[in-house]
Each structure stands twice: as C-alpha cells, then as structure tokens.
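> Please read through the structure below; I'll follow up with questions.
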Amino acid sequence: MTQDAKTAADTAQQTPLGAAAAAGILPVQAIRALISGGALASGEPTEPGQLQPASVDLRLGPKAYRVRASFLPGPGGAVADRLDDLKLHEFDIEHGAVLETGCVYVVPLLESLKLPDAISASANPKSSTGRLDVFTRVIADGVSAFDLVPAGYRGPLYAEICPQTFPIVVRKGSKLSQLRFRHGDPRESDAGLENLQATQTLVSGAKADIHDGIALSVALVGDGEGLVGYRARKHTGVVDVDRPGACAVADYWEPVRADAKQRLILDPDQFYILASKEAVHIPPTHAAEMMPFNPLVGEFRVHYAGFMDPGFGHSPAGGAGSRVVLEVRSHTVPFILEDGQIIGRLVYERMMEVPEILYGRDLGSNYQAQGLKLSKHFR
C-alpha cells in the first residue's frame, strides 16, 4: 500500500491525518479503506461496480417518502424529524415503484457515514441520472446545504429525488447519486491548469480559456446530418433506471438540428441534451467537476451531473476525443445559444494518489470516448 493510501486507511480507523498528508480527492483504494474501517458503512455488502475511480455510488434504501416540498434540516435538525412533519405518504420501493414528474421524494440511503475529522464529502448525480433530467440531491442531518457533508459527520444520508421530464422506476439498490471524499482543499490553481494544458492538453482547441477553472463551450455546428442535440418529449412512458437499453430513442426524444446561423433557441422549461465543442481530458492525477453556470450571463442550467473521474478522455484508457454531454434547461424566458458560446467551467482537483482503476479502461464505462450521447437507458 502506498503512503497516501495508508494515510487514508489510518484515517478510516479514526487516526488523524498527519501534517505531511497532501490535500487531495481520495482514490478508490482509499475509499475501500474507509469502508473497511467503518467510516463508510452500509447494512448491505458493497456491490461490484459501486466503487468508481474517485467516488462511490450511493444506493436507495427500501422505503420512500413523498413530501410536500424540498427542505433542509438546518443546524441541529434531523431529516427524520422533518419527514414526520412534511411527508404526504410513505411507500415501499423494495421491488420497484414509480416516481412521478413534478413530485418531491426523499429516500433514506443504504450508506451512512462516520467521517474522520479531516475528511469531508460532496455528492452529485450520476451521469445517467442527469441525462434523464432527474433532479436529485443528497441531504445530511444538521447540514444547511445540499450535496455537502462536512468533515467529521456521523449519521445517515438521504436522497431527495424530483423527476423533471420522465417518470422513473426505482427500487432498493438503485444508484442515482455518487459521493466523493476530499482531504483539505485540492483545487488546482489557474497556473497549475496552464501547466497541465501545456503538457497534457486538458481541452482541445487553439487556446484554452482559463480563469477560475477551464471554460467549455457548446457545439452547434452539427454532424453530417446536422444533428446537434436532442429535446425531450413530454408525456412519455416511464424509464426504469436499472434497465439499460430498454427505451426507444424516438419515444422519448426528438432530434435537434443545426440552423443556418449555428444557433439554438432554448424554449423555457424544455430539457435538451447537447455536447461540448471541446474534447476533454481528465488525467489520472486529477478529478474534475463542472461548476454551475453563472446566471449573470444567461438564465439556464447546464450539466446536472458534474463529477468527472480520473481517466475520462485519457488516451491510454480509450478515451481520446471524449466530449462532455450537457444537460441543459432554460428558465423563464427563451434563450439563444450560439456555436462556441461558453456554457460552463471545469474545476480540476488533485488526487491524493493515482487511482487503482481509471474511468473507461478498467470499468467498461458507458460514456468513455463519447460524442453527443443519450443516457444508457436508450437504444
């Protein structure tokens, strides 16, 4: 075991991190150490494929609650107490149940945490979840923000789930969110990004726009048939989140093609799948996250599922040319996107050490070397 992995293992046993431990995202081998040490616990054994290079997939428990509204427990508050007050009804999802669009559900997760004082965590929807327009966030007791778990947290975790476009079928064990662990502040500086861009090419293109992260733009030129994206249909059938390839594309999506001016007018409250103009590379030494779009330059949301694992777009892992798929929804008013318009920024964070497995090469990942691609549920 390397020194960094041993440090993480010691941490899992509640031994404080030494001063020499570098800030970083914990790799898969350190997450295994958290599990063996009881810092990441579950009443069910870890499943094959649940551990990713820099994160762990979280699993739904057997019971769900439909609630009146989204909520946070706040300092000193317990989610279970708020559920007693806000639930409309509770129901069993052990063998599958439909979650309807426009409704808010809270599901206790199988995983719970006993984090060491030096380790914090953050959550994000999985890529397939975001591409289904399922708005999901993780809630922890006493925490005043979604998807954030402070260092030293001990307690249960819950998923808030609100399908926006398609009704979905979920069950005990379904995986909609993932959790990433970090020690300290491992965010790469702009100077570090400049060096990585020069030596490893983080994004394709003549010149990278680096400022508080590295900019990505939207591709609206179209392929040989002019296809630039997909717009979700309304009033569709259900999507079973655990059944890849079960849904026909035409039943759920309509193609969006480039116009003569290489632009797209986003209709309010419509959901689109688009792709980045740049190919993206996440080297094995780093993980990345797409940051929320600045509302000062456009009222739309892009990329619900922000985590990108070490090895995405990495040539030795079979990822050369990988584009970022963008989950886009306009708010309130129609909004014009033009080819090459900046739609978000990637923040890179250093790993504590190179993961034992990489995205793509070792996992048979669904979205390695992707261009414009719908979620794995569509054929």
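Please note that chains go A, B, ... in the order of the structure tokens, that every chain numbers its residues from 1, and that ligands are numbered from 1 in the order shown.
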Could you give me, as number ranges by chain, the residues within 10 Å of region 165-171 of chain A, counting only C-alpha atoms and dropping anything in the same chain fewer than 2 positions from it?

A: 59-64, 92-103, 132-135, 162-163, 173-176, 232-243, 252, 269-271

> Going by DSSP on the backbone, which bits of region 199-289 of chain A are strand (DSSP E or B)? Write them as number ranges by chain, please.

A: 203, 210, 214-218, 227-232, 239-240, 247, 253-257, 263-266, 268, 271-280, 286-289

> Which is closer to Pro73 (chain A) than all the others in A:Gly152, A:Gly184, A:Gly142, A:Gly313, using only C-alpha atoms?

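Ranking A:Gly152, A:Gly184, A:Gly142, A:Gly313 by distance to Pro73 (chain A), first place goes to A:Gly142.
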
> Given only C-alpha atoms as the basis, pick out the residue of A:Ala23, A:Gln178, A:Leu115, A:Gly224 nearest to Thr136 (chain A).

A:Gln178

> Can you list, as a count of residues only, every protein, DNA or RNA residue that comes within 6 Å of Gly311 (chain A) when you count only C-alpha atoms, leaving out same-chain residues fewer than 5 positions away?

5

> Kindly indicate which residue among A:Ala159, A:Leu88, A:Ala246, A:Ile25 lies nearest to Ala54 (chain A), using only C-alpha atoms for the distances.

A:Ile25

> Would you kindly return, as an MDAnalysis selection string, each protein, DNA or RNA residue with an atom no farther than 8 Å from any atom of region 43-51 of chain A, considering only C-alpha atoms and excluding same-chain residues fewer than 4 positions away?

chainID A and resid 28 31 55:58 110:111 363

> Using C-alpha atoms, can you export the residues from the last selection as a JSON list (two decimals), in the first residue's frame?


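Wrote it out as selection-v2.json, contents follow:
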[["chain", "number", "residue", "atom", "x", "y", "z"],
["A", 28, "VAL", "CA", -10.82, 4.12, -4.95],
["A", 31, "ILE", "CA", -12.45, 4.56, -0.29],
["A", 55, "SER", "CA", -16.22, 8.19, -5.84],
["A", 56, "VAL", "CA", -18.72, 5.66, -4.55],
["A", 57, "ASP", "CA", -22.24, 5.16, -5.89],
["A", 58, "LEU", "CA", -24.96, 5.58, -3.26],
["A", 110, "LEU", "CA", -28.31, 2.34, 2.44],
["A", 111, "GLU", "CA", -24.97, 4.08, 3.09],
["A", 363, "LEU", "CA", -14.67, -0.24, -15.77]]
